[in-house]
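Below is one structure, written out as structure tokens; the observations come after it.
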Amino acid sequence: MRTLTDRLLLRPLAASDAEAMHAAYGDPAVMRFWGAVPAADLAETAERVAWSTGADPASHAAWAVLRREDGRLVGMVNYHHRDMRHQRLEIGYLLLPAHWRRGYMAEALTAFLDHCFGALGAHRVEAAIGPDNAASRALVERLGFLCEGGPLRQCVKSGDRFLDMMIYGLLAPEWRARVQPASLE
């Protein structure tokens with residue numbers, strides 16, 4: 001997938017993105033709600049990026065999110081836990097702190113969800129979000145996800161601690177009804 005939005009380009013994550021991604025992977029504030037501790041150094045970030053770029057797309061894939069105006073990387077979106085038989089997957093996303101509160105992730109996820117429900121044939125997309133991650137919870141709710149459960153106690157391990165998660169879900173028919181103009185009825 002290589003997709004343009006009004007302000008962004010989404011393209012497959014590449015090894016060359018490691019240095020820019022370290023601003024997210026190495027930042028404790030960003031990683032607070034992620035299922036991993038902050039990367040200790042650029043080499044560890046490069047390992048994480050290499051894992052994502054080398055993963056089997058049948059279950060996991062990641063895309064860099066770049067500003068169209070200057071090609072600067074602002075974040076990453078991915079899917080994981082993809083189950084093709086049941087047509088479901090889970091999404092994740094990271095945004096570099098310098099780009100918070102600009103609407104970039106809502107724009108990126110809108111294009112990404114189109115891809116998940118279209119090209120990937122997903123019927124259900126899930127997001128597992130920490131109960132204290134108010135910004136992320138508000139984001140998926142704006143995109144039409146419903147909170148379906150939680151907090152699931154200590155269901156994700158991050159380093160030596162376990163995190164609680166809220167489960168959000170969005171179905172293909174709900175997404176299609178939301179993104180299509182009402183005049184097409």
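Lettering and numbering for the structure tokens are positional, with chains as A, B, ... in the shown order, residues counted from 1 in each chain, and ligands counted from 1 in the shown order.
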Determine which residues of chain A receive a DSSP assignment of helix (DSSP H, G or I), computed from the backbone, and state them as a ChimeraX atom specification. /A:15-25,28-31,42-54,97-99,104-117,134-142,172-179,182-184
Same residues, C-alpha atoms, output as a tab-separated table (two decimals), in the first residue's frame:
```
chain	number	residue	atom	x	y	z
A	15	ALA	CA	14.93	-0.01	7.48
A	16	SER	CA	15.92	3.56	6.59
A	17	ASP	CA	13.09	4.81	8.84
A	18	ALA	CA	14.79	3.58	12.03
A	19	GLU	CA	16.52	6.85	12.88
A	20	ALA	CA	13.32	8.89	12.58
A	21	MET	CA	11.27	6.21	14.38
A	22	HIS	CA	13.66	6.34	17.32
A	23	ALA	CA	11.94	9.60	18.32
A	24	ALA	CA	8.90	7.42	19.09
A	25	TYR	CA	10.43	4.06	20.08
A	28	PRO	CA	8.97	6.93	27.39
A	29	ALA	CA	5.87	9.14	26.89
A	30	VAL	CA	5.12	7.52	23.52
A	31	MET	CA	5.89	3.98	24.66
A	42	LEU	CA	19.06	3.50	17.90
A	43	ALA	CA	20.31	-0.07	17.41
A	44	GLU	CA	17.34	-1.43	19.37
A	45	THR	CA	14.95	0.74	17.36
A	46	ALA	CA	16.56	-0.58	14.16
A	47	GLU	CA	15.89	-4.15	15.39
A	48	ARG	CA	12.22	-3.32	15.99
A	49	VAL	CA	11.88	-1.74	12.54
A	50	ALA	CA	13.66	-4.75	10.98
A	51	TRP	CA	11.23	-7.10	12.73
A	52	SER	CA	8.26	-5.17	11.30
A	53	THR	CA	9.69	-4.96	7.80
A	54	GLY	CA	10.55	-8.67	7.81
A	97	PRO	CA	5.64	13.75	19.94
A	98	ALA	CA	6.61	16.75	17.80
A	99	HIS	CA	3.53	16.03	15.68
A	104	TYR	CA	-2.18	13.54	11.45
A	105	MET	CA	-3.11	10.21	13.00
A	106	ALA	CA	-6.83	10.61	12.28
A	107	GLU	CA	-5.95	11.33	8.65
A	108	ALA	CA	-3.53	8.40	8.46
A	109	LEU	CA	-5.91	5.96	10.13
A	110	THR	CA	-8.76	6.94	7.81
A	111	ALA	CA	-6.64	5.91	4.80
A	112	PHE	CA	-5.32	2.85	6.65
A	113	LEU	CA	-8.80	1.66	7.60
A	114	ASP	CA	-9.87	1.99	3.96
A	115	HIS	CA	-6.99	-0.36	3.14
A	116	CYS	CA	-7.86	-2.81	5.95
A	117	PHE	CA	-11.53	-3.04	4.98
A	134	ALA	CA	-7.53	9.36	26.63
A	135	ALA	CA	-6.18	10.79	23.35
A	136	SER	CA	-6.07	7.41	21.62
A	137	ARG	CA	-9.47	6.38	22.93
A	138	ALA	CA	-10.99	9.65	21.68
A	139	LEU	CA	-9.32	9.18	18.30
A	140	VAL	CA	-10.76	5.73	17.61
A	141	GLU	CA	-14.17	6.79	18.90
A	142	ARG	CA	-14.15	9.70	16.40
A	172	ALA	CA	-16.77	-3.09	7.78
A	173	PRO	CA	-20.46	-2.18	7.29
A	174	GLU	CA	-20.17	0.55	9.93
A	175	TRP	CA	-17.06	1.95	8.24
A	176	ARG	CA	-18.56	1.88	4.76
A	177	ALA	CA	-21.72	3.63	5.97
A	178	ARG	CA	-19.58	6.27	7.64
A	179	VAL	CA	-17.26	7.08	4.73
A	182	ALA	CA	-25.45	9.77	2.11
A	183	SER	CA	-26.50	10.69	-1.46
A	184	LEU	CA	-25.48	7.21	-2.64
```
Residues near Asp160 of chain A, cut-off 12 Å, only C-alpha atoms, skip fewer than 5 positions along chain, as an mmCIF file with N, CA and C atoms, in the first residue's frame:
```
data_model
loop_
_atom_site.group_PDB
_atom_site.id
_atom_site.type_symbol
_atom_site.label_atom_id
_atom_site.label_comp_id
_atom_site.auth_asym_id
_atom_site.auth_seq_id
_atom_site.Cartn_x
_atom_site.Cartn_y
_atom_site.Cartn_z
ATOM 1 N N GLY A 35 3.073 -1.938 23.807
ATOM 2 C CA GLY A 35 3.423 -3.223 24.406
ATOM 3 C C GLY A 35 4.912 -3.491 24.428
ATOM 4 N N ALA A 36 5.725 -2.465 24.645
ATOM 5 C CA ALA A 36 7.175 -2.627 24.736
ATOM 6 C C ALA A 36 7.742 -1.442 25.511
ATOM 7 N N VAL A 37 8.851 -1.670 26.149
ATOM 8 C CA VAL A 37 9.537 -0.583 26.852
ATOM 9 C C VAL A 37 10.237 0.295 25.822
ATOM 10 N N GLN A 154 -4.359 -6.601 33.002
ATOM 11 C CA GLN A 154 -2.997 -7.101 32.796
ATOM 12 C C GLN A 154 -2.899 -8.060 31.610
#
```
Contact residues around Val74 of chain A with only C-alpha atoms at 8 Å, ignoring same-chain residues under 3 positions, as a PyMOL selection string: chain A and resi 64-67+95-96+99
Please, could you write that set of residues out with N, CA and C atoms as a PDB file, in the first residue's frame?
```
ATOM      1  N   ALA A  64       5.038   3.559   7.218  1.00  0.00           N
ATOM      2  CA  ALA A  64       5.513   4.852   7.684  1.00  0.00           C
ATOM      3  C   ALA A  64       4.486   5.901   7.285  1.00  0.00           C
ATOM      4  N   VAL A  65       4.303   6.890   8.139  1.00  0.00           N
ATOM      5  CA  VAL A  65       3.421   8.020   7.850  1.00  0.00           C
ATOM      6  C   VAL A  65       4.326   9.240   7.710  1.00  0.00           C
ATOM      7  N   LEU A  66       4.302   9.848   6.513  1.00  0.00           N
ATOM      8  CA  LEU A  66       5.177  10.980   6.212  1.00  0.00           C
ATOM      9  C   LEU A  66       4.355  12.186   5.785  1.00  0.00           C
ATOM     10  N   ARG A  67       4.854  13.379   6.108  1.00  0.00           N
ATOM     11  CA  ARG A  67       4.215  14.605   5.617  1.00  0.00           C
ATOM     12  C   ARG A  67       4.523  14.746   4.134  1.00  0.00           C
ATOM     13  N   LEU A  95       2.780   8.045  16.976  1.00  0.00           N
ATOM     14  CA  LEU A  95       2.992   9.366  16.405  1.00  0.00           C
ATOM     15  C   LEU A  95       4.127  10.031  17.171  1.00  0.00           C
ATOM     16  N   LEU A  96       5.102  10.566  16.449  1.00  0.00           N
ATOM     17  CA  LEU A  96       6.218  11.240  17.096  1.00  0.00           C
ATOM     18  C   LEU A  96       5.694  12.456  17.866  1.00  0.00           C
ATOM     19  N   HIS A  99       4.651  15.923  16.611  1.00  0.00           N
ATOM     20  CA  HIS A  99       3.526  16.030  15.683  1.00  0.00           C
ATOM     21  C   HIS A  99       2.174  15.732  16.343  1.00  0.00           C
TER      22      HIS A  99
END
```
I want to know what sits within 12 Å of Asp83 of chain A, based on only C-alpha atoms, with residues of the same chain fewer than 2 positions away left out; could you give that as a ChimeraX atom specification? /A:57-60,79-81,85-90,120-126
Which of segment 4-161 of chain A DSSP labels strand (DSSP E), written as a PyMOL selection string: chain A and resi 4+8-12+61-67+73-83+88-95+124-129+146-158+161
Restricted to C-alpha atoms, what would the selected residues look like written as a compact mmCIF listing (two decimals), in the first residue's frame?
```txt
# COMPACT_ATOMS: atom_id res chain seq x y z
CA LEU A 4 -1.70 9.81 -0.41
CA LEU A 8 0.31 12.64 4.24
CA LEU A 9 1.94 9.77 2.40
CA LEU A 10 1.62 6.24 3.80
CA ARG A 11 4.16 3.76 2.48
CA PRO A 12 5.67 0.50 3.74
CA ALA A 61 2.68 -5.23 8.37
CA ALA A 62 3.65 -1.63 9.10
CA TRP A 63 3.59 1.65 7.17
CA ALA A 64 5.51 4.85 7.68
CA VAL A 65 3.42 8.02 7.85
CA LEU A 66 5.18 10.98 6.21
CA ARG A 67 4.21 14.60 5.62
CA LEU A 73 8.31 10.88 8.98
CA VAL A 74 5.70 11.69 11.63
CA GLY A 75 4.63 8.22 12.72
CA MET A 76 3.72 4.66 11.89
CA VAL A 77 0.57 2.54 11.53
CA ASN A 78 0.39 -1.24 11.55
CA TYR A 79 -1.86 -4.23 11.68
CA HIS A 80 -1.11 -7.34 13.69
CA HIS A 81 -2.92 -10.39 15.03
CA ARG A 82 -4.48 -10.72 11.58
CA ASP A 83 -6.77 -13.73 11.30
CA ARG A 88 -10.24 -9.65 11.59
CA LEU A 89 -7.10 -7.81 12.60
CA GLU A 90 -5.84 -5.41 15.23
CA ILE A 91 -4.31 -2.03 14.49
CA GLY A 92 -1.59 -0.08 16.25
CA TYR A 93 -0.10 3.34 15.67
CA LEU A 94 2.61 5.65 16.97
CA LEU A 95 2.99 9.37 16.41
CA ARG A 124 -13.59 -6.46 11.88
CA VAL A 125 -10.78 -4.16 13.02
CA GLU A 126 -9.85 -3.94 16.69
CA ALA A 127 -7.74 -1.58 18.75
CA ALA A 128 -6.48 -2.43 22.26
CA ILE A 129 -5.98 0.84 24.13
CA LEU A 146 -17.07 1.24 19.85
CA CYS A 147 -15.66 0.31 23.22
CA GLU A 148 -16.64 -3.34 23.58
CA GLY A 149 -14.88 -4.37 26.73
CA GLY A 150 -12.46 -3.73 29.47
CA PRO A 151 -10.49 -2.95 31.14
CA LEU A 152 -9.01 -6.36 30.47
CA ARG A 153 -6.72 -6.68 33.44
CA GLN A 154 -3.00 -7.10 32.80
CA CYS A 155 -3.43 -8.53 29.28
CA VAL A 156 -0.36 -6.99 27.58
CA LYS A 157 3.20 -7.33 28.85
CA SER A 158 5.54 -4.35 28.48
CA ARG A 161 4.98 -4.94 33.88
```
